[in-house]
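Heads up, data-v4.tsv below (TSV, C-alpha atoms (C1' of nucleotides)):
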chain	number	residue	atom	x	y	z
A	22	MET	CA	282.91	51.92	106.47
A	23	ILE	CA	286.15	52.64	108.30
A	24	ARG	CA	285.92	54.73	111.40
A	25	LEU	CA	289.18	56.40	112.44
A	26	GLY	CA	289.90	56.93	116.12
A	27	LEU	CA	291.80	59.65	117.95
A	28	CYS	CA	293.96	58.64	120.91
A	29	CYS	CA	293.62	60.51	124.20
A	30	ILE	CA	294.89	63.99	123.43
A	31	PHE	CA	295.02	66.77	120.86
A	32	HIS	CA	297.98	68.25	119.05
A	33	SER	CA	296.72	71.70	118.06
A	34	GLN	CA	293.20	71.93	119.38
A	35	PRO	CA	293.05	73.68	122.77
A	36	ILE	CA	291.42	70.73	124.54
A	37	SER	CA	293.48	69.33	127.38
A	38	PHE	CA	293.10	66.96	130.26
A	39	ARG	CA	294.53	67.72	133.68
A	40	ARG	CA	296.44	65.36	135.93
A	41	ALA	CA	297.60	65.26	139.51
A	42	THR	CA	300.39	63.65	141.45
A	43	ALA	CA	299.94	61.71	144.66
A	44	LYS	CA	302.88	63.43	146.28
A	45	TYR	CA	301.35	66.85	145.82
A	46	LEU	CA	297.86	65.79	146.87
A	47	LEU	CA	298.91	63.79	149.90
A	48	ALA	CA	300.61	66.87	151.34
A	49	LYS	CA	297.13	68.38	151.69
A	50	ALA	CA	294.43	67.66	154.27
A	51	ARG	CA	291.71	65.27	153.07
A	52	LYS	CA	289.08	67.93	152.53
A	53	GLU	CA	291.37	70.13	150.46
A	54	ARG	CA	292.63	67.09	148.55
A	55	LEU	CA	289.12	66.03	147.56
A	56	ARG	CA	288.26	69.57	146.55
A	57	SER	CA	291.32	69.68	144.33
A	58	LEU	CA	290.55	66.28	142.79
A	59	ALA	CA	286.93	67.28	142.18
A	60	GLU	CA	288.10	70.32	140.26
A	61	ILE	CA	290.37	68.19	138.06
A	62	CYS	CA	287.75	65.49	137.49
A	63	ARG	CA	285.15	68.08	136.57
A	64	HIS	CA	287.59	69.75	134.19
A	65	ASN	CA	288.36	66.39	132.57
A	66	ALA	CA	284.70	65.45	132.18
A	67	LEU	CA	284.09	68.75	130.40
A	68	ALA	CA	287.23	68.27	128.31
A	69	LEU	CA	285.91	64.86	127.24
A	70	GLU	CA	282.69	66.50	126.19
A	71	GLN	CA	284.66	69.05	124.15
A	72	ALA	CA	286.71	66.25	122.62
A	73	LEU	CA	283.56	64.40	121.54
A	74	HIS	CA	282.10	67.54	120.04
A	75	TYR	CA	285.33	68.06	118.11
A	76	CYS	CA	285.22	64.48	116.84
A	77	GLN	CA	281.61	64.83	115.80
A	78	ALA	CA	282.31	68.07	113.93
A	79	HIS	CA	285.35	66.63	112.15
A	80	GLY	CA	284.19	63.18	111.17
A	81	ILE	CA	286.29	61.33	113.75
A	82	GLY	CA	284.35	58.23	114.73
A	83	ALA	CA	286.16	57.08	117.84
A	84	PHE	CA	287.97	58.52	120.85
A	85	ARG	CA	290.31	56.76	123.26
A	86	ILE	CA	289.92	58.05	126.80
A	87	ASN	CA	293.06	58.53	128.86
A	88	SER	CA	293.22	56.32	131.94
A	89	GLN	CA	294.01	59.37	134.08
A	90	ILE	CA	290.64	60.97	133.32
A	91	LEU	CA	289.90	60.50	137.03
A	92	PRO	CA	293.46	60.86	138.36
A	93	LEU	CA	294.66	58.49	141.08
A	94	LYS	CA	291.20	56.95	141.32
A	95	THR	CA	292.51	53.67	142.76
A	96	HIS	CA	295.69	54.92	144.43
A	97	PRO	CA	296.15	53.15	147.81
A	98	GLN	CA	296.34	56.43	149.76
A	99	ALA	CA	294.97	59.12	147.48
A	100	GLY	CA	292.19	57.04	145.87
A	101	TYR	CA	288.55	58.09	146.27
A	102	ASP	CA	284.93	57.38	145.41
A	103	MET	CA	282.92	59.81	143.33
A	104	LYS	CA	280.53	60.28	146.25
A	105	ASP	CA	283.45	61.62	148.31
A	106	LEU	CA	284.12	64.41	145.84
A	107	PRO	CA	282.28	67.73	146.28
A	108	GLY	CA	279.91	67.86	143.32
A	109	GLY	CA	280.70	64.25	142.50
A	110	GLU	CA	277.20	63.49	141.24
A	111	ALA	CA	277.32	66.45	138.89
A	112	ILE	CA	280.64	65.19	137.53
A	113	VAL	CA	279.13	61.77	136.86
A	114	ALA	CA	276.22	63.53	135.16
A	115	ILE	CA	278.67	65.17	132.73
A	116	PHE	CA	280.13	61.76	131.89
A	117	ARG	CA	276.64	60.40	131.29
A	118	ARG	CA	275.99	63.36	129.00
A	119	CYS	CA	279.14	62.38	127.11
A	120	GLY	CA	277.75	58.88	126.81
A	121	ALA	CA	274.47	60.13	125.41
A	122	PHE	CA	276.31	62.35	122.94
A	123	GLY	CA	278.52	59.52	121.79
A	124	ARG	CA	275.53	57.26	121.29
A	125	ARG	CA	273.56	59.93	119.45
A	126	HIS	CA	276.40	60.73	117.06
A	127	GLY	CA	277.94	57.29	116.72
A	128	ILE	CA	281.25	58.09	118.38
A	129	ARG	CA	282.82	54.98	119.82
A	130	MET	CA	284.78	55.30	123.07
A	131	THR	CA	287.60	53.07	124.26
A	132	PHE	CA	290.18	52.74	127.02
A	133	HIS	CA	293.77	51.52	126.91
A	134	PRO	CA	294.90	51.24	130.55
A	135	ASP	CA	298.48	51.99	131.53
A	136	GLN	CA	301.40	49.58	131.41
A	137	PHE	CA	301.03	49.02	135.16
A	138	ILE	CA	297.86	47.03	134.61
A	139	VAL	CA	299.14	43.47	134.29
A	140	LEU	CA	296.75	40.53	134.45
A	141	ASN	CA	299.36	37.79	134.09
A	142	SER	CA	301.86	38.83	136.77
A	143	PRO	CA	303.09	36.04	139.05
A	144	ASP	CA	302.62	38.52	141.90
A	145	PRO	CA	298.99	38.23	143.10
A	146	GLN	CA	299.09	41.76	144.50
A	147	VAL	CA	299.94	43.17	141.10
A	148	VAL	CA	296.98	41.31	139.63
A	149	GLU	CA	294.72	42.46	142.45
A	150	ARG	CA	295.65	46.12	141.95
A	151	SER	CA	295.21	45.69	138.22
A	152	VAL	CA	291.70	44.32	138.65
A	153	ALA	CA	290.84	47.23	140.96
A	154	ASP	CA	291.97	49.64	138.26
A	155	LEU	CA	290.04	47.75	135.62
A	156	ARG	CA	286.92	48.08	137.77
A	157	TYR	CA	287.45	51.83	137.77
A	158	HIS	CA	287.80	51.82	133.98
A	159	ALA	CA	284.59	49.79	133.71
A	160	GLU	CA	282.77	52.25	135.95
A	161	VAL	CA	283.60	55.17	133.68
A	162	ALA	CA	283.01	53.01	130.62
A	163	GLN	CA	279.50	52.35	131.82
A	164	TRP	CA	278.79	56.08	132.18
A	165	VAL	CA	280.06	56.92	128.71
A	166	HIS	CA	279.06	53.66	126.96
A	167	ALA	CA	282.66	52.76	126.12
A	168	ASP	CA	282.72	49.19	124.83
A	169	VAL	CA	286.46	48.50	124.89
A	170	ILE	CA	289.05	48.24	127.66
A	171	ASN	CA	292.14	47.15	125.78
A	172	LEU	CA	295.16	45.49	127.41
A	173	HIS	CA	298.45	43.93	126.43
A	174	ALA	CA	299.11	40.42	127.66
A	175	GLY	CA	301.79	41.54	130.13
A	176	GLY	CA	305.19	40.05	130.90
A	177	VAL	CA	306.75	36.74	129.90
A	178	TYR	CA	308.69	36.01	133.12
A	179	GLY	CA	310.87	33.52	131.32
A	180	ASP	CA	308.03	31.16	130.41
A	181	LYS	CA	305.50	32.36	127.87
A	182	GLN	CA	303.16	29.38	128.08
A	183	SER	CA	302.78	29.67	131.86
A	184	ALA	CA	302.34	33.41	131.52
A	185	LEU	CA	299.56	32.89	128.96
A	186	ALA	CA	297.91	30.27	131.17
A	187	ARG	CA	297.87	32.76	134.07
A	188	LEU	CA	296.43	35.40	131.78
A	189	ARG	CA	293.66	33.07	130.75
A	190	ALA	CA	292.86	32.02	134.31
A	191	ASN	CA	292.76	35.62	135.52
A	192	ILE	CA	290.55	36.73	132.64
A	193	ASP	CA	288.10	34.04	133.72
A	194	ARG	CA	287.97	35.59	137.20
A	195	LEU	CA	287.24	39.15	136.07
A	196	PRO	CA	283.98	40.82	137.03
A	197	ALA	CA	281.47	40.89	134.18
A	198	SER	CA	281.63	44.69	133.83
A	199	VAL	CA	285.33	44.40	132.93
A	200	ARG	CA	285.21	41.15	131.05
A	201	ARG	CA	282.53	42.12	128.57
A	202	ARG	CA	284.67	45.13	127.53
A	203	LEU	CA	288.10	43.52	127.72
A	204	THR	CA	290.21	43.12	124.58
A	205	LEU	CA	293.79	41.92	124.08
A	206	GLU	CA	296.34	43.61	121.83
A	207	ASN	CA	299.54	42.18	120.37
A	208	ASP	CA	302.59	44.15	121.53
A	209	ASP	CA	305.97	44.98	119.98
A	210	ARG	CA	308.17	43.15	122.48
A	211	SER	CA	306.70	39.86	123.69
A	212	TYR	CA	303.29	38.76	122.44
A	213	THR	CA	302.43	38.34	118.75
A	214	PRO	CA	298.94	37.84	117.34
A	215	SER	CA	299.68	34.12	117.10
A	216	ASP	CA	300.49	34.03	120.81
A	217	LEU	CA	297.25	35.72	121.76
A	218	LEU	CA	294.71	34.23	119.39
A	219	PRO	CA	294.42	30.94	121.32
A	220	VAL	CA	293.68	32.89	124.51
A	221	CYS	CA	291.14	34.99	122.62
A	222	ARG	CA	289.41	31.90	121.31
A	223	ALA	CA	289.40	30.17	124.68
A	224	THR	CA	288.04	33.15	126.59
A	225	GLY	CA	285.90	34.87	123.96
A	226	ILE	CA	287.99	38.04	124.30
A	227	PRO	CA	288.46	39.92	120.99
A	228	LEU	CA	291.90	40.65	119.55
A	229	VAL	CA	292.83	44.27	118.87
A	230	TYR	CA	295.17	43.76	115.94
A	231	ASP	CA	298.00	46.32	115.97
A	232	VAL	CA	299.59	45.99	112.55
A	233	HIS	CA	302.54	48.21	113.49
A	234	HIS	CA	303.41	45.99	116.45
A	235	HIS	CA	302.99	42.96	114.20
A	236	ARG	CA	305.48	44.42	111.72
A	237	CYS	CA	307.96	45.17	114.55
A	238	LEU	CA	307.45	41.76	116.17
A	239	PRO	CA	306.39	39.39	113.39
A	240	ASP	CA	305.19	35.82	113.83
A	241	GLY	CA	305.59	34.64	110.26
A	242	LEU	CA	301.92	35.10	109.42
A	243	SER	CA	300.71	37.67	106.92
A	244	VAL	CA	298.75	40.83	107.61
A	245	GLN	CA	296.01	39.36	105.50
A	246	HIS	CA	295.85	36.17	107.54
A	247	ILE	CA	295.91	37.88	110.94
A	248	THR	CA	293.34	40.40	109.78
A	249	ALA	CA	290.92	37.62	108.90
A	250	THR	CA	291.63	35.68	112.10
A	251	ALA	CA	291.34	38.73	114.33
A	252	LEU	CA	288.06	39.77	112.69
A	253	ALA	CA	286.59	36.41	113.66
A	254	THR	CA	287.18	37.13	117.38
A	255	TRP	CA	284.81	40.10	117.30
A	256	GLN	CA	281.10	39.80	117.89
A	257	ARG	CA	280.78	43.55	117.33
A	258	GLU	CA	282.59	46.17	115.25
A	259	PRO	CA	286.28	45.24	115.30
A	260	LEU	CA	288.97	47.61	116.58
A	261	PHE	CA	292.47	47.67	115.08
A	262	HIS	CA	295.51	49.94	115.48
A	263	VAL	CA	297.78	51.57	112.92
A	264	SER	CA	300.96	53.67	113.16
A	265	SER	CA	304.01	54.51	111.12
A	266	PRO	CA	307.59	54.22	112.35
A	267	LEU	CA	309.43	57.39	113.28
A	268	ASN	CA	312.74	55.96	112.02
A	269	GLY	CA	311.40	54.14	108.97
A	270	TRP	CA	311.30	50.40	108.36
A	271	THR	CA	314.94	49.91	107.40
A	272	GLY	CA	317.49	50.12	110.21
A	273	GLY	CA	317.00	51.61	113.62
A	274	ASP	CA	314.21	51.04	116.09
A	275	CYS	CA	310.90	50.66	114.28
A	276	ARG	CA	308.83	51.03	117.41
A	277	PRO	CA	308.67	54.80	118.05
A	278	HIS	CA	305.69	56.40	116.35
A	279	HIS	CA	305.81	58.98	113.60
A	280	ASP	CA	303.82	62.23	113.71
A	281	TYR	CA	301.65	61.02	110.83
A	282	ILE	CA	300.55	57.80	109.14
A	283	ASP	CA	302.14	56.89	105.83
A	284	PRO	CA	299.10	55.75	103.82
A	285	GLY	CA	301.30	52.91	102.55
A	286	ASP	CA	301.36	51.51	106.10
A	287	PHE	CA	297.57	51.25	106.14
A	288	PRO	CA	296.83	47.64	105.15
A	289	ARG	CA	295.03	47.30	101.82
A	290	GLU	CA	293.07	44.42	103.33
A	291	TRP	CA	291.41	46.81	105.76
A	292	ARG	CA	290.09	49.30	103.24
A	293	LYS	CA	286.85	47.55	102.43
A	294	LEU	CA	286.07	46.43	105.97
A	295	SER	CA	283.66	47.80	108.50
A	296	LEU	CA	285.86	48.55	111.48
A	297	THR	CA	287.37	51.10	113.84
A	298	VAL	CA	291.05	51.93	113.38
A	299	GLU	CA	292.72	53.89	116.14
A	300	VAL	CA	295.44	56.16	114.79
A	301	GLU	CA	298.52	56.10	117.01
A	302	ALA	CA	300.44	59.10	115.73
A	303	LYS	CA	302.01	62.00	117.55
A	304	ALA	CA	300.26	64.67	115.51
A	305	LYS	CA	296.97	63.31	116.88
A	306	GLU	CA	293.90	64.92	115.30
A	307	LEU	CA	296.02	66.28	112.45
A	308	ALA	CA	297.21	62.76	111.66
A	309	VAL	CA	293.66	61.41	111.74
A	310	GLN	CA	292.50	64.07	109.32
A	311	ARG	CA	295.44	63.58	106.98
A	312	LEU	CA	294.90	59.82	106.91
A	313	ALA	CA	291.19	60.27	106.33
A	314	ALA	CA	291.97	62.49	103.36
A	315	ALA	CA	294.39	59.91	101.95
A	316	LEU	CA	291.96	57.01	102.42
A	317	PHE	CA	288.64	58.53	101.50
A	318	ASN	CA	289.12	61.55	99.22
A	319	ASP	CA	292.11	60.65	97.21
A	320	ARG	CA	290.64	58.78	94.29
B	11	DA	C1'	306.52	83.76	131.91
B	12	DG	C1'	309.71	80.25	131.50
B	13	DC	C1'	311.98	76.27	132.81
B	14	DG	C1'	313.76	72.22	135.51
B	15	DG	C1'	312.69	68.35	138.30
B	16	DT	C1'	309.36	65.22	139.29
B	17	DC	C1'	305.66	62.00	138.91
B	18	DA	C1'	301.79	55.22	141.94
B	19	DA	C1'	302.04	51.45	139.81
B	20	DG	C1'	305.30	46.73	135.89
B	21	DT	C1'	308.26	44.70	132.66
B	22	DT	C1'	311.72	44.51	129.28
B	23	DG	C1'	315.98	45.18	127.09
B	24	DA	C1'	319.79	48.43	125.99
B	25	DT	C1'	323.59	50.46	128.17
C	28	DA	C1'	323.16	48.04	138.20
C	29	DT	C1'	320.72	51.71	136.02
C	30	DC	C1'	317.43	53.57	133.18
C	31	DA	C1'	314.40	54.81	129.24
C	32	DA	C1'	310.48	53.32	126.94
C	33	DC	C1'	305.75	52.33	126.86
C	34	DT	C1'	299.22	54.86	124.85
C	35	DT	C1'	300.96	60.23	126.81
C	36	DG	C1'	303.44	65.30	129.04
C	37	DA	C1'	301.53	67.89	132.74
C	38	DC	C1'	302.29	69.50	137.05
C	39	DC	C1'	304.37	72.36	140.81
C	40	DG	C1'	307.57	75.41	142.41
C	41	DC	C1'	311.42	78.01	141.63
C	42	DT	C1'	313.62	81.88	139.30
Encoded form (structure tokens):
Amino acid sequence: MIRLGLCCIFHSQPISFRRATAKYLLAKARKERLRSLAEICRHNALALEQALHYCQAHGIGAFRINSQILPLKTHPQAGYDMKDLPGGEAIVAIFRRCGAFGRRHGIRMTFHPDQFIVLNSPDPQVVERSVADLRYHAEVAQWVHADVINLHAGGVYGDKQSALARLRANIDRLPASVRRRLTLENDDRSYTPSDLLPVCRATGIPLVYDVHHHRCLPDGLSVQHITATALATWQREPLFHVSSPLNGWTGGDCRPHHDYIDPGDFPREWRKLSLTVEVEAKAKELAVQRLAAALFNDR
DNA sequence: AGCGGTCAAGTTGAT
DNA sequence: ATCAACTTGACCGCT
């Protein structure tokens, strides 16, 4: 019933994704730069395939793909199209193979773009760059059949209602490839589930309910209530997040994530539901496996 | 081989 | 004013 998801990277398994910096790449001539990027992109496509095989073999039902899977894809100077990369078509073919594998084995794929992607910024250029990056996410999502591109609401800028209105307006302007995958997640600093649910209802965008963020930044409503309300925003299998606090719940900053999930932090209300829960824990695949054991074997 | 400095981007809040 | 934190270390270049 519950599908646990692994986020982006591995703790112990020797599967890793490569990255690149603009500074390093821009010191090279264009041809050499594209050759270098192609090598990294190809490596990452193959690493994704390995990751999916690992998930399939270990009963992990979802995998979050790092936004840097195609590094610097929309960078103003170093950005590129796949057709510019030597062997670009073959790289795309690997991603499509990942998509077929995920579909065949029921492994859900998601994205959670970086903090720089802000749809409600008062600066139109920030929004424009964000949309460009979301288009890139949607392009990869289409290859791999990822159905979620999950974002936080963004900044408050001193006026939450105006910020939410801008968010809503900009969601309405998104291209369909982004919009049909877009989800909103409550954060641990500014936007609670109660803040976001009206936007979700108005736009038809599902809410990714992060119960850890909700506990760090409460809105007076219960886990049970928000669970039910968030479920209603989904026309497909819902996606929620869970973590445990590194410093515990009493005293100190509750936001940093622990290596593992305390099974007591996993909401009782979720246990009988059909949903995906992404496990945000530093021990990565080890944390997913330990939580799975606690939830499914331990009775 | 190991380690230190650095890395595109936005926003917030602690210092 | 500066800076770490965020979903997350990985990379190059020096010794």
Produce a table with one row for each residue of chain C that has an atom at most 12 Å from any atom of chain A, each row naming the nearest atom pair and its distance in Å at one decimal; use all atoms listed in the file; arrange rows by chain and rising residue number; format as a Markdown table.
| residue | atom | partner | partner_atom | distance |
| --- | --- | --- | --- | --- |
| C:DA32 | C1' | A:Pro277 | CA | 9.2 |
| C:DC33 | C1' | A:Gln136 | CA | 6.9 |
| C:DT34 | C1' | A:His133 | CA | 6.7 |
| C:DT35 | C1' | A:Cys29 | CA | 7.8 |
| C:DG36 | C1' | A:Arg40 | CA | 9.8 |
| C:DA37 | C1' | A:Arg40 | CA | 6.5 |
| C:DC38 | C1' | A:Ala41 | CA | 6.8 |
| C:DC39 | C1' | A:Tyr45 | CA | 8.0 |
| C:DG40 | C1' | A:Tyr45 | CA | 11.1 |
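CA of Asp105 (chain A) is found 14.9 Å from CA of Tyr157 (chain A).
Atom pair CA of Ala302 (chain A) / CA of Gly80 (chain A): separated by 17.4 Å.
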6 Å contacts from chain B to chain A using all atoms listed in the file, as JSON, numbers by chain: {"B": [19, 20, 21]}
Atoms to include: C-alpha atoms (C1' of nucleotides). Write the selected residues as an mmCIF file, in the coordinates of the input.
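New file out_23.cif:
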data_model
loop_
_atom_site.group_PDB
_atom_site.id
_atom_site.type_symbol
_atom_site.label_atom_id
_atom_site.label_comp_id
_atom_site.auth_asym_id
_atom_site.auth_seq_id
_atom_site.Cartn_x
_atom_site.Cartn_y
_atom_site.Cartn_z
ATOM 1 C "C1'" DA B 19 302.040 51.450 139.810
ATOM 2 C "C1'" DG B 20 305.300 46.730 135.890
ATOM 3 C "C1'" DT B 21 308.260 44.700 132.660
#
Please return as a list in words every residue within 9 Å of (308.2, 84.4, 134.9), taking into account all atoms listed in the file and the file's own coordinates. DA11 and DG12 of chain B; DT42 of chain C
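The interatomic distance for the pair CA of Asn141 (chain A) and CA of Ile90 (chain A) works out to 24.8 Å.
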Can you pull out every residue within 8 Å of region 312-315 of chain A, counting all atoms listed in the file, but drop anything in the same chain fewer than 4 positions away, and send it as a VMD selection string? chain A and resid 25 281 to 284 308 319
Can you spit out the residues from that selection as a PDB file, in the coordinates of the input, using C-alpha atoms?
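Final file, part_32.pdb:
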ATOM      1  CA  LEU A  25     289.180  56.400 112.440  1.00  0.00           C
ATOM      2  CA  TYR A 281     301.650  61.020 110.830  1.00  0.00           C
ATOM      3  CA  ILE A 282     300.550  57.800 109.140  1.00  0.00           C
ATOM      4  CA  ASP A 283     302.140  56.890 105.830  1.00  0.00           C
ATOM      5  CA  PRO A 284     299.100  55.750 103.820  1.00  0.00           C
ATOM      6  CA  ALA A 308     297.210  62.760 111.660  1.00  0.00           C
ATOM      7  CA  ASP A 319     292.110  60.650  97.210  1.00  0.00           C
TER       8      ASP A 319
END
Using all atoms listed in the file, find the one residue out of A:Phe31, A:Trp270, A:Phe261, A:Tyr101 that sits nearest to Ser295 (chain A). A:Phe261
May I have the residues within 12 Å of DC30 (chain C) as a PyMOL selection string, using all atoms listed in the file and disregarding those fewer than 4 positions away in the same chain? chain B and resi 22-25
Return the padded bounding box of region 300-318 of chain A as JSON: axis-aligned, built from all atoms listed in the file, 8 Å added on each side, with centre and edge lengths in Å to one decimal.
{"center_x": 295.3, "center_y": 61.2, "center_z": 108.4, "size_x": 29.4, "size_y": 26.2, "size_z": 34.3}
